[in-house]
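See below for my_file09.pdb, which holds PDB, C-alpha atoms.
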```
ATOM      1  CA  MET A 162      76.354 124.912  78.056  1.00  0.00           C
ATOM      2  CA  THR A 163      75.857 124.534  74.319  1.00  0.00           C
ATOM      3  CA  GLU A 164      78.125 125.363  71.450  1.00  0.00           C
ATOM      4  CA  ASP A 165      77.234 125.625  67.813  1.00  0.00           C
ATOM      5  CA  THR A 166      80.731 125.001  66.574  1.00  0.00           C
ATOM      6  CA  ALA A 167      81.175 122.057  64.257  1.00  0.00           C
ATOM      7  CA  VAL A 168      81.874 118.695  65.798  1.00  0.00           C
ATOM      8  CA  PRO A 169      84.195 116.641  63.630  1.00  0.00           C
ATOM      9  CA  THR A 170      82.832 113.437  62.173  1.00  0.00           C
ATOM     10  CA  ALA A 171      84.986 110.347  61.965  1.00  0.00           C
ATOM     11  CA  GLY A 172      86.387 109.869  58.507  1.00  0.00           C
ATOM     12  CA  ALA A 173      84.886 113.038  57.052  1.00  0.00           C
ATOM     13  CA  MET A 174      86.710 113.988  53.847  1.00  0.00           C
ATOM     14  CA  GLY A 175      89.419 111.488  54.634  1.00  0.00           C
ATOM     15  CA  VAL A 176      90.760 113.644  57.453  1.00  0.00           C
ATOM     16  CA  ARG A 177      92.018 111.707  60.439  1.00  0.00           C
ATOM     17  CA  ASP A 178      90.247 113.125  63.454  1.00  0.00           C
ATOM     18  CA  ALA A 179      93.097 113.164  65.896  1.00  0.00           C
ATOM     19  CA  VAL A 180      94.414 115.661  68.408  1.00  0.00           C
ATOM     20  CA  THR A 181      97.819 115.269  70.004  1.00  0.00           C
ATOM     21  CA  VAL A 182      98.737 116.933  73.272  1.00  0.00           C
ATOM     22  CA  ARG A 183     102.374 116.961  74.329  1.00  0.00           C
ATOM     23  CA  MET A 184     103.521 118.187  77.702  1.00  0.00           C
ATOM     24  CA  PRO A 185     106.449 117.662  80.047  1.00  0.00           C
ATOM     25  CA  ALA A 186     106.396 114.212  81.693  1.00  0.00           C
ATOM     26  CA  ASP A 187     105.738 115.761  85.076  1.00  0.00           C
ATOM     27  CA  SER A 188     102.714 115.183  87.275  1.00  0.00           C
ATOM     28  CA  ALA A 189     102.365 118.935  87.754  1.00  0.00           C
ATOM     29  CA  TYR A 190     100.683 118.866  84.319  1.00  0.00           C
ATOM     30  CA  LEU A 191      98.097 116.192  85.195  1.00  0.00           C
ATOM     31  CA  SER A 192      95.361 118.741  85.786  1.00  0.00           C
ATOM     32  CA  VAL A 193      96.015 120.392  82.412  1.00  0.00           C
ATOM     33  CA  LEU A 194      95.568 117.069  80.664  1.00  0.00           C
ATOM     34  CA  ARG A 195      92.407 116.259  82.609  1.00  0.00           C
ATOM     35  CA  THR A 196      90.930 119.583  81.542  1.00  0.00           C
ATOM     36  CA  ALA A 197      91.881 119.010  77.886  1.00  0.00           C
ATOM     37  CA  THR A 198      90.349 115.528  78.018  1.00  0.00           C
ATOM     38  CA  ALA A 199      87.071 116.763  79.474  1.00  0.00           C
ATOM     39  CA  GLY A 200      86.922 119.569  76.914  1.00  0.00           C
ATOM     40  CA  LEU A 201      87.436 117.243  73.953  1.00  0.00           C
ATOM     41  CA  ALA A 202      84.989 114.636  75.265  1.00  0.00           C
ATOM     42  CA  ALA A 203      82.343 117.301  75.854  1.00  0.00           C
ATOM     43  CA  ARG A 204      82.531 118.254  72.171  1.00  0.00           C
ATOM     44  CA  LEU A 205      81.927 114.660  71.109  1.00  0.00           C
ATOM     45  CA  ASP A 206      78.529 114.031  72.662  1.00  0.00           C
ATOM     46  CA  PHE A 207      79.813 111.949  75.535  1.00  0.00           C
ATOM     47  CA  THR A 208      77.510 111.994  78.561  1.00  0.00           C
ATOM     48  CA  LEU A 209      78.602 113.748  81.739  1.00  0.00           C
ATOM     49  CA  ASP A 210      79.343 110.380  83.372  1.00  0.00           C
ATOM     50  CA  GLU A 211      81.421 109.291  80.370  1.00  0.00           C
ATOM     51  CA  ILE A 212      83.324 112.577  80.407  1.00  0.00           C
ATOM     52  CA  GLU A 213      84.124 112.025  84.080  1.00  0.00           C
ATOM     53  CA  ASP A 214      85.195 108.434  83.337  1.00  0.00           C
ATOM     54  CA  LEU A 215      87.595 109.705  80.687  1.00  0.00           C
ATOM     55  CA  ARG A 216      88.925 112.444  82.951  1.00  0.00           C
ATOM     56  CA  ILE A 217      89.733 109.928  85.681  1.00  0.00           C
ATOM     57  CA  GLY A 218      90.926 107.279  83.186  1.00  0.00           C
ATOM     58  CA  VAL A 219      93.437 109.614  81.542  1.00  0.00           C
ATOM     59  CA  ASP A 220      94.605 110.784  84.970  1.00  0.00           C
ATOM     60  CA  GLU A 221      95.189 107.195  86.117  1.00  0.00           C
ATOM     61  CA  ALA A 222      96.994 106.198  82.910  1.00  0.00           C
ATOM     62  CA  CYS A 223      99.266 109.247  83.065  1.00  0.00           C
ATOM     63  CA  ALA A 224     100.048 108.874  86.758  1.00  0.00           C
ATOM     64  CA  MET A 225     101.070 105.267  86.101  1.00  0.00           C
ATOM     65  CA  LEU A 226     103.314 106.143  83.173  1.00  0.00           C
ATOM     66  CA  LEU A 227     104.868 109.214  84.805  1.00  0.00           C
ATOM     67  CA  SER A 228     106.331 107.038  87.544  1.00  0.00           C
ATOM     68  CA  GLN A 229     108.638 105.454  84.975  1.00  0.00           C
ATOM     69  CA  ALA A 230     109.116 108.283  82.462  1.00  0.00           C
ATOM     70  CA  LEU A 231     112.669 109.385  81.679  1.00  0.00           C
ATOM     71  CA  PRO A 232     113.342 112.760  83.342  1.00  0.00           C
ATOM     72  CA  GLY A 233     113.163 115.718  80.987  1.00  0.00           C
ATOM     73  CA  THR A 234     111.115 113.928  78.324  1.00  0.00           C
ATOM     74  CA  ASP A 235     107.534 114.504  77.189  1.00  0.00           C
ATOM     75  CA  LEU A 236     104.261 112.787  77.862  1.00  0.00           C
ATOM     76  CA  THR A 237     102.316 112.432  74.636  1.00  0.00           C
ATOM     77  CA  THR A 238      98.558 111.966  74.558  1.00  0.00           C
ATOM     78  CA  GLU A 239      96.754 111.266  71.301  1.00  0.00           C
ATOM     79  CA  PHE A 240      92.990 111.567  71.143  1.00  0.00           C
ATOM     80  CA  GLU A 241      91.439 109.912  68.117  1.00  0.00           C
ATOM     81  CA  LEU A 242      87.798 109.861  67.179  1.00  0.00           C
ATOM     82  CA  THR A 243      86.601 106.395  66.218  1.00  0.00           C
ATOM     83  CA  GLY A 244      83.237 105.452  64.739  1.00  0.00           C
ATOM     84  CA  ASP A 245      81.745 104.598  68.099  1.00  0.00           C
ATOM     85  CA  GLY A 246      83.806 106.563  70.581  1.00  0.00           C
ATOM     86  CA  MET A 247      87.250 107.884  71.339  1.00  0.00           C
ATOM     87  CA  ARG A 248      90.608 106.183  71.540  1.00  0.00           C
ATOM     88  CA  ILE A 249      93.172 107.826  73.795  1.00  0.00           C
ATOM     89  CA  SER A 250      96.787 106.769  73.739  1.00  0.00           C
ATOM     90  CA  VAL A 251      99.128 108.062  76.448  1.00  0.00           C
ATOM     91  CA  SER A 252     102.841 107.362  76.118  1.00  0.00           C
ATOM     92  CA  VAL A 253     106.225 108.153  77.658  1.00  0.00           C
ATOM     93  CA  LEU A 254     109.833 107.205  77.006  1.00  0.00           C
ATOM     94  CA  THR A 255     111.157 104.903  79.703  1.00  0.00           C
ATOM     95  CA  ALA A 256     114.527 103.416  80.671  1.00  0.00           C
ATOM     96  CA  ASP A 257     113.476  99.780  80.577  1.00  0.00           C
ATOM     97  CA  GLY A 258     110.254  99.462  78.577  1.00  0.00           C
ATOM     98  CA  ARG A 259     108.459  97.862  81.495  1.00  0.00           C
ATOM     99  CA  LEU A 260     104.687  97.504  81.146  1.00  0.00           C
ATOM    100  CA  PRO A 261     102.565  98.957  83.959  1.00  0.00           C
ATOM    101  CA  ALA A 262     101.543  96.346  86.533  1.00  0.00           C
ATOM    102  CA  ARG A 263      97.942  95.231  86.201  1.00  0.00           C
ATOM    103  CA  ASP A 264      97.504  94.007  89.753  1.00  0.00           C
ATOM    104  CA  THR A 265      97.317  97.534  91.193  1.00  0.00           C
ATOM    105  CA  PHE A 266      94.320  99.450  92.456  1.00  0.00           C
ATOM    106  CA  ALA A 267      95.045 102.186  89.906  1.00  0.00           C
ATOM    107  CA  TRP A 268      94.778  99.679  87.044  1.00  0.00           C
ATOM    108  CA  THR A 269      91.503  98.351  88.487  1.00  0.00           C
ATOM    109  CA  VAL A 270      90.053 101.870  88.536  1.00  0.00           C
ATOM    110  CA  LEU A 271      91.374 102.571  85.050  1.00  0.00           C
ATOM    111  CA  SER A 272      89.875  99.449  83.511  1.00  0.00           C
ATOM    112  CA  ALA A 273      86.565  99.952  85.322  1.00  0.00           C
ATOM    113  CA  LEU A 274      86.177 103.436  83.882  1.00  0.00           C
ATOM    114  CA  ALA A 275      87.822 103.526  80.509  1.00  0.00           C
ATOM    115  CA  GLY A 276      86.266 100.649  78.593  1.00  0.00           C
ATOM    116  CA  ASP A 277      88.909  98.689  76.691  1.00  0.00           C
ATOM    117  CA  VAL A 278      92.374  99.281  78.116  1.00  0.00           C
ATOM    118  CA  ASP A 279      95.673  97.920  76.892  1.00  0.00           C
ATOM    119  CA  ALA A 280      99.356  98.659  77.352  1.00  0.00           C
ATOM    120  CA  ALA A 281     102.196  98.206  74.873  1.00  0.00           C
ATOM    121  CA  VAL A 282     105.899  98.827  74.404  1.00  0.00           C
ATOM    122  CA  GLY A 283     107.163 100.424  71.192  1.00  0.00           C
ATOM    123  CA  PRO A 284     110.557 101.445  69.803  1.00  0.00           C
ATOM    124  CA  ASP A 285     112.967 103.269  72.154  1.00  0.00           C
ATOM    125  CA  ASP A 286     111.223 101.697  75.168  1.00  0.00           C
ATOM    126  CA  ARG A 287     108.228 103.958  74.628  1.00  0.00           C
ATOM    127  CA  VAL A 288     105.484 102.589  76.873  1.00  0.00           C
ATOM    128  CA  SER A 289     101.891 103.449  76.055  1.00  0.00           C
ATOM    129  CA  ILE A 290      98.484 102.871  77.590  1.00  0.00           C
ATOM    130  CA  VAL A 291      95.545 102.921  75.204  1.00  0.00           C
ATOM    131  CA  LEU A 292      91.966 103.575  76.353  1.00  0.00           C
ATOM    132  CA  HIS A 293      89.036 103.020  74.040  1.00  0.00           C
ATOM    133  CA  LYS A 294      85.866 104.531  75.424  1.00  0.00           C
ATOM    134  CA  ARG A 295      82.706 103.833  73.473  1.00  0.00           C
ATOM    135  CA  ARG A 296      79.861 106.292  73.474  1.00  0.00           C
ATOM    136  CA  ASP A 297      76.688 105.148  75.150  1.00  0.00           C
ATOM    137  CA  VAL A 298      74.543 105.028  72.008  1.00  0.00           C
ATOM    138  CA  VAL A 299      70.880 105.950  72.302  1.00  0.00           C
ATOM    139  CA  GLU A 300      68.963 104.522  69.360  1.00  0.00           C
ATOM    140  CA  SER A 301      66.653 107.067  67.777  1.00  0.00           C
ATOM    141  CA  ALA A 302      63.648 106.084  65.688  1.00  0.00           C
TER     142      ALA A 302
ATOM    143  CA  MET B  43      86.979 115.216 116.938  1.00  0.00           C
ATOM    144  CA  VAL B  44      88.399 116.976 113.917  1.00  0.00           C
ATOM    145  CA  VAL B  45      86.822 118.077 110.631  1.00  0.00           C
ATOM    146  CA  ILE B  46      89.224 118.370 107.693  1.00  0.00           C
ATOM    147  CA  VAL B  47      88.029 120.326 104.646  1.00  0.00           C
ATOM    148  CA  PRO B  48      90.225 119.661 101.585  1.00  0.00           C
ATOM    149  CA  ARG B  49      89.573 121.870  98.555  1.00  0.00           C
ATOM    150  CA  GLY B  50      90.107 121.359  94.833  1.00  0.00           C
ATOM    151  CA  GLU B  51      91.520 118.322  93.069  1.00  0.00           C
ATOM    152  CA  LEU B  52      92.980 115.316  94.876  1.00  0.00           C
ATOM    153  CA  ASP B  53      95.361 113.525  92.507  1.00  0.00           C
ATOM    154  CA  ALA B  54      98.894 112.118  92.517  1.00  0.00           C
ATOM    155  CA  ILE B  55     100.297 115.574  93.241  1.00  0.00           C
ATOM    156  CA  THR B  56      97.912 116.774  95.917  1.00  0.00           C
ATOM    157  CA  SER B  57      96.809 113.607  97.739  1.00  0.00           C
ATOM    158  CA  PRO B  58     100.054 113.309  99.755  1.00  0.00           C
ATOM    159  CA  ALA B  59      99.186 116.625 101.440  1.00  0.00           C
ATOM    160  CA  LEU B  60      95.876 115.120 102.557  1.00  0.00           C
ATOM    161  CA  ALA B  61      97.761 112.069 103.850  1.00  0.00           C
ATOM    162  CA  GLU B  62     100.050 114.345 105.881  1.00  0.00           C
ATOM    163  CA  THR B  63      97.136 116.240 107.380  1.00  0.00           C
ATOM    164  CA  LEU B  64      95.372 112.975 108.265  1.00  0.00           C
ATOM    165  CA  GLU B  65      98.540 111.636 109.871  1.00  0.00           C
ATOM    166  CA  GLU B  66      98.752 114.747 112.024  1.00  0.00           C
ATOM    167  CA  TYR B  67      95.492 113.761 113.741  1.00  0.00           C
ATOM    168  CA  LEU B  68      95.297 109.981 113.309  1.00  0.00           C
ATOM    169  CA  GLY B  69      98.909 109.556 114.373  1.00  0.00           C
ATOM    170  CA  ALA B  70      98.754 112.040 117.269  1.00  0.00           C
ATOM    171  CA  ALA B  71     100.192 110.833 120.575  1.00  0.00           C
ATOM    172  CA  GLU B  72      96.882 111.658 122.248  1.00  0.00           C
ATOM    173  CA  PRO B  73      94.209 110.478 119.841  1.00  0.00           C
ATOM    174  CA  CYS B  74      90.989 112.434 119.359  1.00  0.00           C
ATOM    175  CA  ARG B  75      87.667 110.642 118.903  1.00  0.00           C
ATOM    176  CA  GLY B  76      87.856 110.718 115.178  1.00  0.00           C
ATOM    177  CA  VAL B  77      88.120 112.606 111.901  1.00  0.00           C
ATOM    178  CA  VAL B  78      85.485 113.740 109.420  1.00  0.00           C
ATOM    179  CA  LEU B  79      86.656 114.605 105.925  1.00  0.00           C
ATOM    180  CA  ASP B  80      84.287 117.207 104.508  1.00  0.00           C
ATOM    181  CA  PHE B  81      84.603 116.550 100.755  1.00  0.00           C
ATOM    182  CA  SER B  82      82.054 119.143  99.628  1.00  0.00           C
ATOM    183  CA  GLU B  83      84.751 121.249  97.949  1.00  0.00           C
ATOM    184  CA  VAL B  84      86.674 118.406  96.319  1.00  0.00           C
ATOM    185  CA  ASP B  85      85.856 118.312  92.626  1.00  0.00           C
ATOM    186  CA  PHE B  86      88.237 115.577  91.508  1.00  0.00           C
ATOM    187  CA  CYS B  87      89.584 112.441  93.106  1.00  0.00           C
ATOM    188  CA  ASP B  88      91.471 109.439  91.707  1.00  0.00           C
ATOM    189  CA  SER B  89      92.922 106.135  92.931  1.00  0.00           C
ATOM    190  CA  ARG B  90      95.686 107.946  94.808  1.00  0.00           C
ATOM    191  CA  CYS B  91      93.143 109.878  96.851  1.00  0.00           C
ATOM    192  CA  ILE B  92      91.163 106.696  97.535  1.00  0.00           C
ATOM    193  CA  GLY B  93      94.389 105.037  98.687  1.00  0.00           C
ATOM    194  CA  VAL B  94      94.891 107.846 101.215  1.00  0.00           C
ATOM    195  CA  LEU B  95      91.310 107.447 102.475  1.00  0.00           C
ATOM    196  CA  VAL B  96      91.666 103.680 102.885  1.00  0.00           C
ATOM    197  CA  ALA B  97      95.015 104.054 104.685  1.00  0.00           C
ATOM    198  CA  GLY B  98      93.402 106.656 106.957  1.00  0.00           C
ATOM    199  CA  TYR B  99      90.464 104.360 107.640  1.00  0.00           C
ATOM    200  CA  ARG B 100      92.803 101.528 108.657  1.00  0.00           C
ATOM    201  CA  GLN B 101      94.887 103.740 110.896  1.00  0.00           C
ATOM    202  CA  ALA B 102      91.784 105.181 112.583  1.00  0.00           C
ATOM    203  CA  ARG B 103      90.351 101.705 113.148  1.00  0.00           C
ATOM    204  CA  ASP B 104      93.610 100.390 114.588  1.00  0.00           C
ATOM    205  CA  ARG B 105      93.767 103.287 117.039  1.00  0.00           C
ATOM    206  CA  GLY B 106      90.114 103.063 118.045  1.00  0.00           C
ATOM    207  CA  MET B 107      89.154 106.311 116.291  1.00  0.00           C
ATOM    208  CA  GLY B 108      86.298 106.986 113.900  1.00  0.00           C
ATOM    209  CA  LEU B 109      86.626 108.215 110.314  1.00  0.00           C
ATOM    210  CA  ALA B 110      83.923 109.324 107.896  1.00  0.00           C
ATOM    211  CA  VAL B 111      83.635 111.245 104.641  1.00  0.00           C
ATOM    212  CA  ALA B 112      80.934 113.914 104.359  1.00  0.00           C
ATOM    213  CA  SER B 113      79.162 115.495 101.393  1.00  0.00           C
ATOM    214  CA  PRO B 114      81.141 114.221  98.398  1.00  0.00           C
ATOM    215  CA  GLN B 115      80.126 115.791  95.079  1.00  0.00           C
ATOM    216  CA  GLY B 116      78.234 113.544  92.673  1.00  0.00           C
ATOM    217  CA  THR B 117      81.174 112.744  90.386  1.00  0.00           C
ATOM    218  CA  VAL B 118      83.463 112.000  93.327  1.00  0.00           C
ATOM    219  CA  ASN B 119      80.861 109.830  95.041  1.00  0.00           C
ATOM    220  CA  ARG B 120      80.360 107.945  91.783  1.00  0.00           C
ATOM    221  CA  LEU B 121      84.039 106.959  91.839  1.00  0.00           C
ATOM    222  CA  PHE B 122      83.729 105.911  95.501  1.00  0.00           C
ATOM    223  CA  VAL B 123      80.898 103.564  94.515  1.00  0.00           C
ATOM    224  CA  ILE B 124      82.674 102.210  91.416  1.00  0.00           C
ATOM    225  CA  ALA B 125      85.793 101.588  93.482  1.00  0.00           C
ATOM    226  CA  GLY B 126      83.680 100.004  96.235  1.00  0.00           C
ATOM    227  CA  ILE B 127      85.060 102.071  99.106  1.00  0.00           C
ATOM    228  CA  ASP B 128      81.543 103.089 100.130  1.00  0.00           C
ATOM    229  CA  GLN B 129      81.356  99.502 101.426  1.00  0.00           C
ATOM    230  CA  VAL B 130      84.342 100.101 103.698  1.00  0.00           C
ATOM    231  CA  ILE B 131      84.348 103.743 104.730  1.00  0.00           C
ATOM    232  CA  THR B 132      81.369 105.612 106.160  1.00  0.00           C
ATOM    233  CA  ILE B 133      80.224 108.154 103.575  1.00  0.00           C
ATOM    234  CA  GLU B 134      77.407 110.504 104.543  1.00  0.00           C
ATOM    235  CA  GLU B 135      75.494 113.039 102.494  1.00  0.00           C
ATOM    236  CA  ASP B 136      75.856 115.785 105.069  1.00  0.00           C
ATOM    237  CA  LEU B 137      78.381 116.885 107.631  1.00  0.00           C
ATOM    238  CA  GLY B 138      76.080 116.500 110.635  1.00  0.00           C
ATOM    239  CA  ARG B 139      75.434 112.846 109.933  1.00  0.00           C
ATOM    240  CA  ALA B 140      79.124 112.170 109.324  1.00  0.00           C
ATOM    241  CA  VAL B 141      79.992 113.767 112.686  1.00  0.00           C
ATOM    242  CA  LYS B 142      77.323 111.653 114.406  1.00  0.00           C
ATOM    243  CA  ALA B 143      78.629 108.506 112.716  1.00  0.00           C
ATOM    244  CA  VAL B 144      82.165 109.178 113.949  1.00  0.00           C
ATOM    245  CA  LEU B 145      81.004 109.927 117.494  1.00  0.00           C
ATOM    246  CA  ALA B 146      78.888 106.755 117.509  1.00  0.00           C
ATOM    247  CA  ASP B 147      81.727 104.654 116.132  1.00  0.00           C
ATOM    248  CA  GLN B 148      83.614 104.087 119.370  1.00  0.00           C
TER     249      GLN B 148
END
```
If you convert what's in this file into structure tokens, what do you get?
Amino acid sequence: MTEDTAVPTAGAMGVRDAVTVRMPADSAYLSVLRTATAGLAARLDFTLDEIEDLRIGVDEACAMLLSQALPGTDLTTEFELTGDGMRISVSVLTADGRLPARDTFAWTVLSALAGDVDAAVGPDDRVSIVLHKRRDVVESA
Amino acid sequence: MVVIVPRGELDAITSPALAETLEEYLGAAEPCRGVVLDFSEVDFCDSRCIGVLVAGYRQARDRGMGLAVASPQGTVNRLFVIAGIDQVITIEEDLGRAVKAVLADQ
């Protein structure tokens, strides 16, 4: 499938290339977010394998965060185009600001697929997981 | 010998249903010879799904039953390999071979 629509370029005209998706912090919406992730990645020249990595990575990050999200709040996912890939930040409001455990199988899968992965706690006990997936660059002559 | 054919996406929401179905056969009072999971119609799987498969594998082994996965799609099989469960669970390209593997695994 090809599309001729413009693909945004990082930093073009000083516009920050970022898309934010907000949905209820409920795992019923996981599939919606996976679809959005795959759609955005497909527009950014990621390979099919990289798109799948991102789809699973976002799913893992969200599933982890949803287990501690405050009921009735939102899950916020920010997709930002960087020079060499895409940074995805997933965050939820929590009761205790606890970071996700890194000794779980889910974290192992996440870090194997998503490139650089980190977790942080912000104001109001907002816990976020940030994935930075770099595009597999093919040098052209 | 039972063949289970899950369809669609196996994630945090849907994987527990697969676990329940597996339990129905692997936990049965009178065990069958084994279970084949035909994954040909599963187009997404994550760590939760893999956890269910590994738990099923252990339960089958402990009860002297066989368990194999058949025909995973390319993207799903890629995750199996990355996660290393292809080293633990029998994964076959087609259903016939998976059935044979389970019947041989007694």
*Minimum-distance residue to chain A, chosen among B:Ile46, B:Ile127, B:Ala112, B:Ala102 (using all atoms listed in the file)*: B:Ile127
Report as a tab-separated table the residues of chain B within 9 Å of chain A, each with its shortest atom pair and distance in Å (one decimal), using all atoms listed in the file, ordered by chain and increasing residue number.
```
residue	atom	partner	partner_atom	distance
B:Glu51	CA	A:Ser192	CA	8.2
B:Asp53	CA	A:Asp220	CA	8.1
B:Ala54	CA	A:Ala224	CA	6.7
B:Ile55	CA	A:Ser188	CA	6.4
B:Phe86	CA	A:Ile217	CA	8.3
B:Cys87	CA	A:Ile217	CA	7.8
B:Asp88	CA	A:Ile217	CA	6.3
B:Ser89	CA	A:Ala267	CA	5.4
B:Arg90	CA	A:Ala267	CA	7.6
B:Gly93	CA	A:Phe266	CA	8.4
B:Thr117	CA	A:Glu213	CA	7.0
B:Arg120	CA	A:Asp210	CA	8.8
B:Leu121	CA	A:Val270	CA	8.5
B:Ile124	CA	A:Ala273	CA	7.6
B:Ala125	CA	A:Val270	CA	6.5
```
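Going from CA of Ala281 (chain A) over to CA of Leu260 (chain A), you cover 6.8 Å.
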*asked:* Translate the PyMOL selection byres ((chain B and resi 68-81) around 9) into a concrete residue list for this structure, as number ranges by chain.
replied: B: 43-49, 63-67, 82-85, 98, 101-102, 105-115, 118, 136-137, 140-141, 144-145, 147-148
*Distance CA of Asp178 (chain A)-CA of Gly200 (chain A), one decimal place?*
15.3 Å
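Evaluated against the shown file, the PyMOL selection byres ((chain A and resi 245) around 8) gives Thr243, Gly244, Gly246, Met247, Arg295 and Arg296 of chain A.
Interatomic distance, CA of Phe207 (chain A) to CA of Glu134 (chain B): 29.1 Å.
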Selection near Phe240 (chain A), 6 Å with only C-alpha atoms, sequence-local residues under 5 positions removed, as a PDB file with C-alpha atoms, keeping the file's coordinate frame:
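selection18.pdb, written as the output of this step:
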```
ATOM      1  CA  ALA A 179      93.097 113.164  65.896  1.00  0.00           C
ATOM      2  CA  VAL A 180      94.414 115.661  68.408  1.00  0.00           C
ATOM      3  CA  ARG A 248      90.608 106.183  71.540  1.00  0.00           C
ATOM      4  CA  ILE A 249      93.172 107.826  73.795  1.00  0.00           C
TER       5      ILE A 249
END
```
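With all atoms listed in the file as the basis for measurement, B:Ile92 is the residue among B:Ala97, B:Asp104, B:Ala146, B:Ile92 that approaches Gly126 (chain B) most closely.
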_Distance query Arg287 (chain A) at most 8 Å, only C-alpha atoms, self and fewer than 3 positions along chain excluded, as a PyMOL selection string_ = chain A and resi 252-255+258+282-284
